[in-house]
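Quick look at entry_29.csv (CSV, C-alpha atoms):
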chain,number,residue,atom,x,y,z
A,88,MET,CA,-41.3,-56.7,-46.0
A,89,HIS,CA,-38.8,-53.9,-46.4
A,90,ALA,CA,-41.5,-51.5,-47.8
A,91,SER,CA,-43.7,-52.2,-44.9
A,92,LEU,CA,-40.9,-51.4,-42.4
A,93,ARG,CA,-40.1,-48.2,-44.3
A,94,TYR,CA,-43.8,-47.0,-44.0
A,95,VAL,CA,-43.8,-47.8,-40.3
A,96,ARG,CA,-40.7,-45.8,-39.7
A,97,GLN,CA,-42.1,-42.8,-41.7
A,98,GLY,CA,-45.3,-43.0,-39.8
A,99,ALA,CA,-43.5,-43.0,-36.5
A,100,ALA,CA,-41.4,-40.0,-37.5
A,101,ILE,CA,-44.5,-38.1,-38.5
A,102,CYS,CA,-46.1,-38.8,-35.2
A,103,VAL,CA,-43.0,-37.6,-33.3
A,104,LEU,CA,-42.9,-34.4,-35.3
A,105,ALA,CA,-46.6,-33.8,-34.6
A,106,LEU,CA,-46.1,-34.4,-30.9
A,107,VAL,CA,-43.2,-32.0,-30.7
A,108,ALA,CA,-45.1,-29.4,-32.6
A,109,GLY,CA,-48.1,-29.8,-30.3
A,110,CYS,CA,-46.0,-29.4,-27.2
A,111,ALA,CA,-44.0,-26.4,-28.4
A,112,LYS,CA,-46.3,-23.5,-27.5
A,113,PRO,CA,-44.8,-20.0,-28.0
A,114,ASP,CA,-45.2,-17.5,-25.2
A,115,ALA,CA,-46.9,-15.1,-27.5
A,116,GLU,CA,-48.4,-15.3,-31.0
A,117,PRO,CA,-45.8,-14.3,-33.6
A,118,VAL,CA,-46.5,-11.3,-35.7
A,119,ALA,CA,-46.4,-11.6,-39.5
A,120,GLU,CA,-43.7,-9.5,-41.1
A,121,ASN,CA,-46.2,-7.6,-43.4
A,122,GLN,CA,-48.7,-7.0,-40.6
A,123,ALA,CA,-48.9,-3.7,-38.8
A,124,VAL,CA,-48.5,-3.8,-35.1
A,125,THR,CA,-49.5,-1.5,-32.3
A,126,VAL,CA,-46.7,-0.6,-30.0
A,127,ARG,CA,-46.1,1.6,-26.9
A,128,VAL,CA,-43.1,3.9,-27.1
A,129,ALA,CA,-41.0,6.0,-24.8
A,130,ARG,CA,-38.5,8.8,-25.6
A,131,VAL,CA,-34.8,8.4,-25.0
A,132,GLU,CA,-34.0,10.7,-22.1
A,133,VAL,CA,-30.8,12.8,-21.5
A,134,ARG,CA,-30.0,13.1,-17.8
A,135,GLU,CA,-27.3,15.0,-16.0
A,136,SER,CA,-25.5,12.7,-13.5
A,137,GLU,CA,-22.4,12.3,-11.5
A,138,ARG,CA,-20.1,10.1,-13.6
A,139,THR,CA,-17.7,7.5,-12.0
A,140,GLN,CA,-14.7,5.6,-13.4
A,141,ALA,CA,-13.7,2.2,-12.1
A,142,VAL,CA,-10.1,2.4,-10.8
A,143,ALA,CA,-8.2,-0.8,-9.9
A,144,GLY,CA,-6.9,-1.2,-6.3
A,145,THR,CA,-5.4,-3.7,-3.9
A,146,VAL,CA,-6.7,-4.5,-0.4
A,147,ARG,CA,-4.0,-4.3,2.3
A,148,ALA,CA,-4.0,-4.7,6.0
A,149,ARG,CA,-3.9,-1.3,7.7
A,150,ASP,CA,-0.8,-2.2,9.6
A,151,HIS,CA,1.7,-4.2,7.6
A,152,ALA,CA,5.5,-4.5,7.7
A,153,ILE,CA,8.4,-6.5,6.4
A,154,VAL,CA,10.8,-6.7,9.4
A,155,ALA,CA,14.4,-6.5,8.2
A,156,ALA,CA,17.8,-7.2,9.8
A,157,LYS,CA,19.6,-4.1,11.2
A,158,LEU,CA,23.1,-5.7,11.3
A,159,MET,CA,25.0,-8.5,9.7
A,160,GLY,CA,24.8,-11.9,11.3
A,161,THR,CA,23.9,-15.5,10.8
A,162,VAL,CA,20.3,-16.5,11.5
A,163,ALA,CA,20.6,-18.7,14.7
A,164,ARG,CA,16.9,-19.2,15.2
A,165,VAL,CA,13.6,-18.5,13.6
A,166,SER,CA,10.9,-18.3,16.3
A,167,VAL,CA,7.7,-18.1,14.3
A,168,VAL,CA,5.9,-19.8,11.4
A,169,VAL,CA,3.5,-18.5,8.7
A,170,GLY,CA,0.0,-18.0,10.1
A,171,GLN,CA,1.2,-17.6,13.7
A,172,THR,CA,-0.3,-14.7,15.7
A,173,VAL,CA,2.2,-12.5,17.5
A,174,ALA,CA,2.0,-9.6,20.0
A,175,ALA,CA,4.1,-6.5,19.9
A,176,GLY,CA,7.6,-7.2,21.1
A,177,ASP,CA,7.4,-11.0,20.5
A,178,GLU,CA,10.6,-12.6,19.3
A,179,LEU,CA,10.6,-13.3,15.5
A,180,ALA,CA,14.2,-14.4,15.0
A,181,VAL,CA,17.7,-14.4,16.6
A,182,LEU,CA,20.9,-13.4,14.8
A,183,GLU,CA,24.3,-14.6,15.8
A,184,ALA,CA,26.9,-11.8,15.5
A,185,ASP,CA,30.1,-12.6,17.6
A,186,GLU,CA,31.7,-9.3,16.6
A,187,VAL,CA,28.9,-7.4,18.4
A,188,ALA,CA,29.5,-9.3,21.6
A,189,ALA,CA,33.3,-8.6,21.3
A,190,ARG,CA,32.7,-5.0,20.6
A,191,LEU,CA,30.5,-4.7,23.8
A,192,ALA,CA,33.2,-6.4,25.9
A,193,GLN,CA,35.9,-4.1,24.5
A,194,ALA,CA,33.8,-1.0,25.2
A,195,GLU,CA,33.0,-2.1,28.8
A,196,ALA,CA,36.7,-2.8,29.4
A,197,VAL,CA,37.7,0.7,28.1
A,198,LEU,CA,35.1,2.3,30.3
A,199,ALA,CA,36.2,0.4,33.4
A,200,GLY,CA,39.8,1.5,32.8
A,201,VAL,CA,38.8,5.2,32.3
A,202,ARG,CA,36.8,5.1,35.5
A,203,ARG,CA,39.7,3.8,37.5
A,204,GLU,CA,42.1,6.3,36.1
A,205,GLN,CA,39.6,9.1,36.7
A,206,ALA,CA,39.1,8.1,40.3
A,207,ARG,CA,42.9,8.0,40.9
A,208,GLU,CA,43.5,11.4,39.3
A,209,THR,CA,40.5,12.9,41.2
A,210,ALA,CA,42.1,11.8,44.5
A,211,LEU,CA,45.5,13.2,43.4
A,212,ARG,CA,43.8,16.5,42.4
A,213,ASP,CA,42.2,16.7,45.9
A,214,GLN,CA,45.7,16.3,47.4
A,215,GLY,CA,47.1,19.0,45.1
A,216,VAL,CA,49.2,16.6,43.1
A,217,SER,CA,47.3,16.3,39.8
A,218,ALA,CA,46.1,19.2,37.6
A,219,PRO,CA,42.4,20.0,37.3
A,220,GLU,CA,42.8,19.9,33.5
A,221,THR,CA,43.8,16.2,33.7
A,222,VAL,CA,40.7,15.3,35.6
A,223,ARG,CA,38.4,17.2,33.2
A,224,ALA,CA,40.1,15.3,30.2
A,225,LEU,CA,39.4,12.0,32.0
A,226,GLU,CA,35.7,13.0,32.5
A,227,ASP,CA,35.5,13.6,28.7
A,228,ARG,CA,37.1,10.2,28.0
A,229,ARG,CA,34.6,8.6,30.5
A,230,ARG,CA,31.6,10.1,28.7
A,231,ALA,CA,32.9,8.9,25.3
A,232,ALA,CA,33.5,5.4,26.8
A,233,GLU,CA,30.0,5.3,28.2
A,234,ALA,CA,28.6,6.3,24.8
A,235,ALA,CA,30.6,3.5,23.2
A,236,VAL,CA,29.1,1.0,25.7
A,237,GLY,CA,25.6,2.2,25.0
A,238,GLU,CA,26.1,1.9,21.2
A,239,ALA,CA,27.4,-1.7,21.6
A,240,ARG,CA,24.5,-2.6,23.8
A,241,THR,CA,22.1,-1.2,21.3
A,242,LEU,CA,23.7,-3.3,18.5
A,243,GLU,CA,23.4,-6.3,20.7
A,244,THR,CA,19.6,-5.8,21.0
A,245,TYR,CA,19.5,-5.9,17.2
A,246,THR,CA,20.4,-9.6,17.3
A,247,ARG,CA,17.0,-10.3,18.7
A,248,VAL,CA,14.4,-9.4,16.1
A,249,THR,CA,10.9,-8.6,17.5
A,250,ALA,CA,7.5,-7.8,16.2
A,251,PRO,CA,6.8,-4.0,15.8
A,252,PHE,CA,3.0,-4.6,16.4
A,253,GLY,CA,0.5,-7.4,17.0
A,254,GLY,CA,-0.7,-9.3,14.0
A,255,VAL,CA,-0.3,-12.4,11.9
A,256,VAL,CA,2.9,-13.7,10.3
A,257,THR,CA,2.2,-13.8,6.5
A,258,ARG,CA,5.7,-14.7,5.2
A,259,GLN,CA,8.9,-16.2,6.5
A,260,LEU,CA,11.7,-14.9,4.3
A,261,ILE,CA,14.7,-16.5,5.9
A,262,ARG,CA,15.9,-19.9,7.2
A,263,GLU,CA,18.2,-20.9,10.0
A,264,GLY,CA,21.8,-20.6,8.9
A,265,ASP,CA,21.1,-17.8,6.3
A,266,LEU,CA,23.4,-14.8,6.4
A,267,ALA,CA,21.5,-11.7,7.0
A,268,MET,CA,22.8,-8.3,6.0
A,269,PRO,CA,21.4,-4.9,7.1
A,270,GLY,CA,18.1,-4.4,5.3
A,271,THR,CA,17.6,-8.1,4.5
A,272,PRO,CA,13.9,-9.0,4.8
A,273,LEU,CA,13.2,-11.5,7.5
A,274,VAL,CA,9.5,-11.8,8.3
A,275,ALA,CA,6.3,-10.2,7.0
A,276,ILE,CA,3.5,-9.3,9.4
A,277,GLU,CA,0.0,-8.0,8.9
A,278,GLY,CA,-2.0,-6.4,11.7
A,279,THR,CA,-5.6,-7.3,12.4
A,280,GLY,CA,-6.9,-3.8,13.0
A,281,GLY,CA,-8.6,-3.2,9.7
A,282,LEU,CA,-8.2,-3.1,5.9
A,283,THR,CA,-7.3,-0.4,3.4
A,284,VAL,CA,-7.4,-0.1,-0.3
A,285,GLU,CA,-4.3,1.2,-2.2
A,286,LEU,CA,-4.7,2.5,-5.7
A,287,GLU,CA,-3.1,4.5,-8.4
A,288,VAL,CA,-5.6,7.1,-9.7
A,289,PRO,CA,-5.2,8.5,-13.3
A,290,GLY,CA,-4.0,12.1,-13.0
A,291,GLY,CA,-6.8,13.5,-15.1
A,292,LEU,CA,-9.6,12.5,-12.7
A,293,PRO,CA,-10.9,14.9,-10.0
A,294,VAL,CA,-9.5,14.8,-6.5
A,295,PRO,CA,-12.1,14.4,-3.8
A,296,ALA,CA,-11.6,15.8,-0.4
A,297,VAL,CA,-10.1,13.6,2.3
A,298,GLY,CA,-12.9,12.0,4.1
A,299,ALA,CA,-15.0,11.4,1.0
A,300,LYS,CA,-16.9,8.0,0.9
A,301,LEU,CA,-16.4,5.9,-2.3
A,302,THR,CA,-17.9,2.5,-3.2
A,303,VAL,CA,-15.5,-0.4,-3.4
A,304,ALA,CA,-16.5,-3.4,-5.5
A,305,HIS,CA,-15.1,-6.9,-5.1
A,306,PRO,CA,-15.0,-9.3,-8.1
A,307,GLY,CA,-16.8,-11.8,-5.9
A,308,GLY,CA,-19.8,-9.6,-5.7
A,309,ALA,CA,-19.3,-7.9,-2.3
A,310,ASN,CA,-19.6,-4.1,-2.1
A,311,ALA,CA,-18.4,-1.8,0.7
A,312,GLN,CA,-17.8,1.8,1.5
A,313,GLY,CA,-14.3,3.2,1.8
A,314,VAL,CA,-13.2,6.5,3.3
A,315,LEU,CA,-10.5,8.4,1.5
A,316,THR,CA,-7.6,8.9,4.0
A,317,GLU,CA,-4.7,9.8,1.8
A,318,ILE,CA,-4.2,11.1,-1.7
A,319,SER,CA,-1.0,12.5,-3.3
A,320,ALA,CA,-1.0,16.1,-4.4
A,321,ALA,CA,1.5,15.4,-7.2
A,322,VAL,CA,1.1,13.2,-10.2
A,323,ASP,CA,3.9,10.7,-10.9
A,324,PRO,CA,5.6,11.9,-14.1
A,325,LEU,CA,6.2,8.3,-15.3
A,326,THR,CA,2.9,6.7,-14.6
A,327,ARG,CA,0.7,9.8,-14.8
A,328,THR,CA,-1.1,8.6,-11.7
A,329,ARG,CA,-1.4,9.7,-8.1
A,330,PHE,CA,-1.4,7.4,-5.0
A,331,ALA,CA,-4.5,7.2,-2.9
A,332,GLU,CA,-5.6,5.1,0.1
A,333,LEU,CA,-9.1,4.3,1.4
A,334,ALA,CA,-10.0,2.9,4.8
A,335,LEU,CA,-12.6,0.1,4.4
A,336,GLU,CA,-15.6,0.3,6.7
A,337,PRO,CA,-15.2,-2.1,9.7
A,338,ALA,CA,-18.4,-4.0,8.7
A,339,ALA,CA,-17.0,-4.8,5.2
A,340,SER,CA,-17.2,-8.6,4.6
A,341,GLY,CA,-15.9,-10.6,1.8
A,342,PHE,CA,-12.7,-8.7,1.5
A,343,GLY,CA,-9.2,-10.0,2.4
A,344,SER,CA,-5.6,-8.7,2.2
A,345,GLY,CA,-4.2,-9.0,-1.3
A,346,ASP,CA,-7.6,-9.0,-3.0
A,347,PHE,CA,-8.1,-7.1,-6.3
A,348,VAL,CA,-11.0,-4.6,-6.2
A,349,ARG,CA,-12.4,-1.7,-8.2
A,350,VAL,CA,-13.2,1.7,-6.7
A,351,ASN,CA,-15.9,3.9,-8.3
A,352,TRP,CA,-13.9,7.1,-8.5
A,353,PRO,CA,-15.7,10.4,-9.2
A,354,ALA,CA,-15.3,11.5,-12.9
A,355,GLY,CA,-17.2,14.8,-12.8
A,356,GLN,CA,-20.6,15.8,-14.2
A,357,GLY,CA,-21.8,14.1,-17.3
A,358,ARG,CA,-24.8,13.5,-19.6
A,359,GLU,CA,-26.1,10.0,-20.2
A,360,LEU,CA,-28.9,8.5,-22.3
A,361,VAL,CA,-31.5,6.6,-20.3
A,362,VAL,CA,-34.4,4.3,-21.5
A,363,PRO,CA,-37.0,2.3,-19.6
A,364,ALA,CA,-35.9,-1.2,-18.8
A,365,GLU,CA,-38.8,-2.6,-20.9
A,366,ALA,CA,-37.1,-1.3,-24.0
A,367,VAL,CA,-34.0,-3.4,-23.8
A,368,ARG,CA,-33.9,-7.1,-24.6
A,369,SER,CA,-30.9,-9.5,-24.5
A,370,PHE,CA,-30.2,-12.3,-26.9
A,371,GLY,CA,-27.0,-14.2,-26.5
A,372,GLN,CA,-24.2,-11.8,-25.5
A,373,LEU,CA,-25.9,-8.8,-27.3
A,374,GLU,CA,-28.6,-6.3,-26.4
A,375,ARG,CA,-31.1,-4.8,-28.7
A,376,VAL,CA,-34.0,-2.3,-28.8
A,377,PHE,CA,-36.5,-1.4,-31.4
A,378,VAL,CA,-36.8,2.3,-32.5
A,379,TRP,CA,-40.1,3.6,-33.9
A,380,ASP,CA,-39.4,5.8,-37.0
A,381,GLU,CA,-42.1,7.2,-39.3
A,382,GLY,CA,-44.4,4.2,-39.1
A,383,ARG,CA,-41.9,1.4,-39.0
A,384,VAL,CA,-39.7,-0.1,-36.3
A,385,ARG,CA,-35.9,-0.4,-36.7
A,386,MET,CA,-33.8,-2.8,-34.7
A,387,ARG,CA,-30.7,-1.3,-32.9
A,388,LEU,CA,-27.9,-3.1,-31.1
A,389,VAL,CA,-27.0,-1.2,-28.0
A,390,LYS,CA,-24.6,-1.3,-25.1
A,391,SER,CA,-26.0,-0.7,-21.7
A,392,ALA,CA,-24.1,0.5,-18.6
A,393,GLY,CA,-26.2,-0.6,-15.6
A,394,ARG,CA,-29.4,0.6,-14.0
A,395,LEU,CA,-30.4,3.7,-12.1
A,396,ALA,CA,-32.2,3.8,-8.8
A,397,ASP,CA,-35.6,4.1,-10.6
A,398,GLY,CA,-34.9,1.0,-12.7
A,399,ALA,CA,-34.1,2.9,-15.9
A,400,VAL,CA,-31.2,1.6,-18.0
A,401,ARG,CA,-28.1,3.7,-19.0
A,402,ILE,CA,-27.2,3.4,-22.7
A,403,ASN,CA,-23.6,3.9,-23.7
A,404,SER,CA,-24.0,3.4,-27.5
A,405,GLY,CA,-26.6,2.6,-30.1
A,406,LEU,CA,-29.2,5.3,-29.5
A,407,GLU,CA,-29.6,9.1,-29.9
A,408,ALA,CA,-31.4,11.5,-27.6
A,409,ASP,CA,-35.1,12.0,-28.3
A,410,GLU,CA,-35.5,8.8,-30.3
A,411,LEU,CA,-38.6,6.7,-29.6
A,412,VAL,CA,-38.0,3.2,-28.4
A,413,VAL,CA,-40.6,0.4,-28.3
A,414,LEU,CA,-41.6,-0.9,-24.9
A,415,ASP,CA,-42.2,-4.6,-24.5
A,416,ALA,CA,-41.8,-5.3,-28.2
A,417,PRO,CA,-44.3,-8.0,-29.4
A,418,ALA,CA,-42.9,-11.5,-30.1
A,419,GLY,CA,-41.9,-12.0,-33.7
A,420,ILE,CA,-41.5,-8.3,-34.5
A,421,VAL,CA,-38.8,-7.7,-37.1
A,422,ASP,CA,-36.7,-4.9,-38.4
A,423,GLY,CA,-38.6,-2.7,-40.8
A,424,GLN,CA,-42.1,-3.9,-39.8
A,425,ARG,CA,-45.0,-1.4,-40.0
A,426,ALA,CA,-46.1,-0.2,-36.6
A,427,GLU,CA,-48.6,2.2,-35.1
A,428,VAL,CA,-48.1,4.0,-31.8
A,429,SER,CA,-50.9,3.4,-29.3
A,430,ARG,CA,-52.5,6.6,-28.0
How does this structure look as structure tokens?
Amino acid sequence: MHASLRYVRQGAAICVLALVAGCAKPDAEPVAENQAVTVRVARVEVRESERTQAVAGTVRARDHAIVAAKLMGTVARVSVVVGQTVAAGDELAVLEADEVAARLAQAEAVLAGVRREQARETALRDQGVSAPETVRALEDRRRAAEAAVGEARTLETYTRVTAPFGGVVTRQLIREGDLAMPGTPLVAIEGTGGLTVELEVPGGLPVPAVGAKLTVAHPGGANAQGVLTEISAAVDPLTRTRFAELALEPAASGFGSGDFVRVNWPAGQGRELVVPAEAVRSFGQLERVFVWDEGRVRMRLVKSAGRLADGAVRINSGLEADELVVLDAPAGIVDGQRAEVSR
């Protein structure tokens, strides 16, 4: 009984293996290792090209600002929330500074007193009782008092913090009841008038002219053109980089403020090795080509660097100029196999 069951299982296993073997049809007939094959080849080219280097950058709104307090005071009211759209001059926050109001009242009182005294002395001068020098001195005091009133009124306007331009509130940095000092950040605003890319360019790279167009690549796959609007003439001695700014084209989509991007920065003229796309094959995370050398093919691991407009592949490493690479290598070809070049 057990022997019969074993034979049945073995027979079923053989049938399954036969079925799998019958279904697995290779795309091409494999080549025996000792069999000579006929191959087409192409020569590794050397081309002169404009080289570029990817430089990291950050997308920013063209208009952006962190609005700060100009005087010391307690935050009495925050008038906006994150995400709110504001127009230029809209109220963002109100500060409470009693000393500013007191200073204005004091300056106005001094000015009123000086004006009364000046009017009295002017009348006495016209009667020949007061000296002209006294009236002139009072005129100087009046102008000083008027300047003090103007200064106090300006300080009073600082208690109402307003938007410098139209845009969207991106951060609220204070709460009601907080004590604000001069320079304390209150609200961050970004305009909606366009995007720029800010980047630190290595000092050894060439400096294009302002107005040059460069390609900006987003990690999400979007590409756009950027126009160089600013670039520093000096290299920072600590970072060895120079600041640059690009204005993204208005039609750029897929980009947002704060995004990380890479800019294809010009790196001067260079020589690069190029092979037809049919010569490069991927397996796993690696790339390989077969090189024809005196009647045999040799496998090489290579590292490519993208395609050119005509479809050819740039090769960073693994090949030398003028070597012959196999095009559309036959299935099953192995390293060291004999090969003849088709004429």
(message) List the spatial neighbours of Glu407 of chain A as a list in words - criterion: any atom at most 9 Å away, all atoms listed in the file, same-chain residues fewer than 2 positions off excluded.
(response)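 Counting only the stated atoms, we get Val131, Leu360, Ser404, Gly405, Asp409 and Glu410 of chain A.
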Dump as a PDB file, in the frame of the given file, selection limited to C-alpha atoms:
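Written out: out12.pdb:
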ATOM      1  CA  VAL A 131     -34.800   8.400 -25.000  1.00  0.00           C
ATOM      2  CA  LEU A 360     -28.900   8.500 -22.300  1.00  0.00           C
ATOM      3  CA  SER A 404     -24.000   3.400 -27.500  1.00  0.00           C
ATOM      4  CA  GLY A 405     -26.600   2.600 -30.100  1.00  0.00           C
ATOM      5  CA  ASP A 409     -35.100  12.000 -28.300  1.00  0.00           C
ATOM      6  CA  GLU A 410     -35.500   8.800 -30.300  1.00  0.00           C
TER       7      GLU A 410
END
(message) Report, in Å with one decimal, the straight-line distance from atom CA of Gly423 of chain A to atom CA of Glu381 of chain A.
(response)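 These two atoms are separated by 10.6 Å.
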(request) Excluding segment 297-301 of chain A and any residue of its chain fewer than 6 positions from it, enumerate the residues within 7 Å of it, using all atoms listed in the file, and give them as a list of chain:residue names. (result) A:Gln312, A:Gly313, A:Val314, A:Leu315, A:Thr316, A:Glu317, A:Val350, A:Asn351, A:Trp352
(message) Which residues are close to Asp227 of chain A, i.e. within 12 Å by all atoms listed in the file, leaving aside same-chain residues fewer than 5 positions away? Reply as a ChimeraX atom specification.
(response) /A:198,201-202,205,220-222,232-234
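Each of A:Asp150, A:Glu238, A:Glu287, A:Glu427 was checked against Val255 of chain A using only C-alpha atoms; the smallest atom-to-atom distance is that of A:Asp150.
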(message) If we draw a sphere of 10 Å around (0.6, -1.5, 2.3), which residues have at least one atom in it when counting all atoms listed in the file? Please report them as a ChimeraX atom specification.
(response) /A:145-152,277,282-285,332,344-345
Around the point (10.0, -12.4, 13.5) in the file's coordinates, collect all residues with an atom within 12 Å, using all atoms listed in the file, and return them as a PDB file with C-alpha atoms, in the frame of the given file.
ATOM      1  CA  ALA A 152       5.500  -4.500   7.700  1.00  0.00           C
ATOM      2  CA  ILE A 153       8.400  -6.500   6.400  1.00  0.00           C
ATOM      3  CA  VAL A 154      10.800  -6.700   9.400  1.00  0.00           C
ATOM      4  CA  ALA A 155      14.400  -6.500   8.200  1.00  0.00           C
ATOM      5  CA  ALA A 156      17.800  -7.200   9.800  1.00  0.00           C
ATOM      6  CA  VAL A 162      20.300 -16.500  11.500  1.00  0.00           C
ATOM      7  CA  ARG A 164      16.900 -19.200  15.200  1.00  0.00           C
ATOM      8  CA  VAL A 165      13.600 -18.500  13.600  1.00  0.00           C
ATOM      9  CA  SER A 166      10.900 -18.300  16.300  1.00  0.00           C
ATOM     10  CA  VAL A 167       7.700 -18.100  14.300  1.00  0.00           C
ATOM     11  CA  VAL A 168       5.900 -19.800  11.400  1.00  0.00           C
ATOM     12  CA  VAL A 169       3.500 -18.500   8.700  1.00  0.00           C
ATOM     13  CA  GLY A 170       0.000 -18.000  10.100  1.00  0.00           C
ATOM     14  CA  GLN A 171       1.200 -17.600  13.700  1.00  0.00           C
ATOM     15  CA  THR A 172      -0.300 -14.700  15.700  1.00  0.00           C
ATOM     16  CA  VAL A 173       2.200 -12.500  17.500  1.00  0.00           C
ATOM     17  CA  ALA A 174       2.000  -9.600  20.000  1.00  0.00           C
ATOM     18  CA  ALA A 175       4.100  -6.500  19.900  1.00  0.00           C
ATOM     19  CA  GLY A 176       7.600  -7.200  21.100  1.00  0.00           C
ATOM     20  CA  ASP A 177       7.400 -11.000  20.500  1.00  0.00           C
ATOM     21  CA  GLU A 178      10.600 -12.600  19.300  1.00  0.00           C
ATOM     22  CA  LEU A 179      10.600 -13.300  15.500  1.00  0.00           C
ATOM     23  CA  ALA A 180      14.200 -14.400  15.000  1.00  0.00           C
ATOM     24  CA  VAL A 181      17.700 -14.400  16.600  1.00  0.00           C
ATOM     25  CA  LEU A 182      20.900 -13.400  14.800  1.00  0.00           C
ATOM     26  CA  THR A 246      20.400  -9.600  17.300  1.00  0.00           C
ATOM     27  CA  ARG A 247      17.000 -10.300  18.700  1.00  0.00           C
ATOM     28  CA  VAL A 248      14.400  -9.400  16.100  1.00  0.00           C
ATOM     29  CA  THR A 249      10.900  -8.600  17.500  1.00  0.00           C
ATOM     30  CA  ALA A 250       7.500  -7.800  16.200  1.00  0.00           C
ATOM     31  CA  PRO A 251       6.800  -4.000  15.800  1.00  0.00           C
ATOM     32  CA  PHE A 252       3.000  -4.600  16.400  1.00  0.00           C
ATOM     33  CA  GLY A 253       0.500  -7.400  17.000  1.00  0.00           C
ATOM     34  CA  GLY A 254      -0.700  -9.300  14.000  1.00  0.00           C
ATOM     35  CA  VAL A 255      -0.300 -12.400  11.900  1.00  0.00           C
ATOM     36  CA  VAL A 256       2.900 -13.700  10.300  1.00  0.00           C
ATOM     37  CA  THR A 257       2.200 -13.800   6.500  1.00  0.00           C
ATOM     38  CA  ARG A 258       5.700 -14.700   5.200  1.00  0.00           C
ATOM     39  CA  GLN A 259       8.900 -16.200   6.500  1.00  0.00           C
ATOM     40  CA  LEU A 260      11.700 -14.900   4.300  1.00  0.00           C
ATOM     41  CA  ILE A 261      14.700 -16.500   5.900  1.00  0.00           C
ATOM     42  CA  ARG A 262      15.900 -19.900   7.200  1.00  0.00           C
ATOM     43  CA  PRO A 272      13.900  -9.000   4.800  1.00  0.00           C
ATOM     44  CA  LEU A 273      13.200 -11.500   7.500  1.00  0.00           C
ATOM     45  CA  VAL A 274       9.500 -11.800   8.300  1.00  0.00           C
ATOM     46  CA  ALA A 275       6.300 -10.200   7.000  1.00  0.00           C
ATOM     47  CA  ILE A 276       3.500  -9.300   9.400  1.00  0.00           C
ATOM     48  CA  GLU A 277       0.000  -8.000   8.900  1.00  0.00           C
TER      49      GLU A 277
END
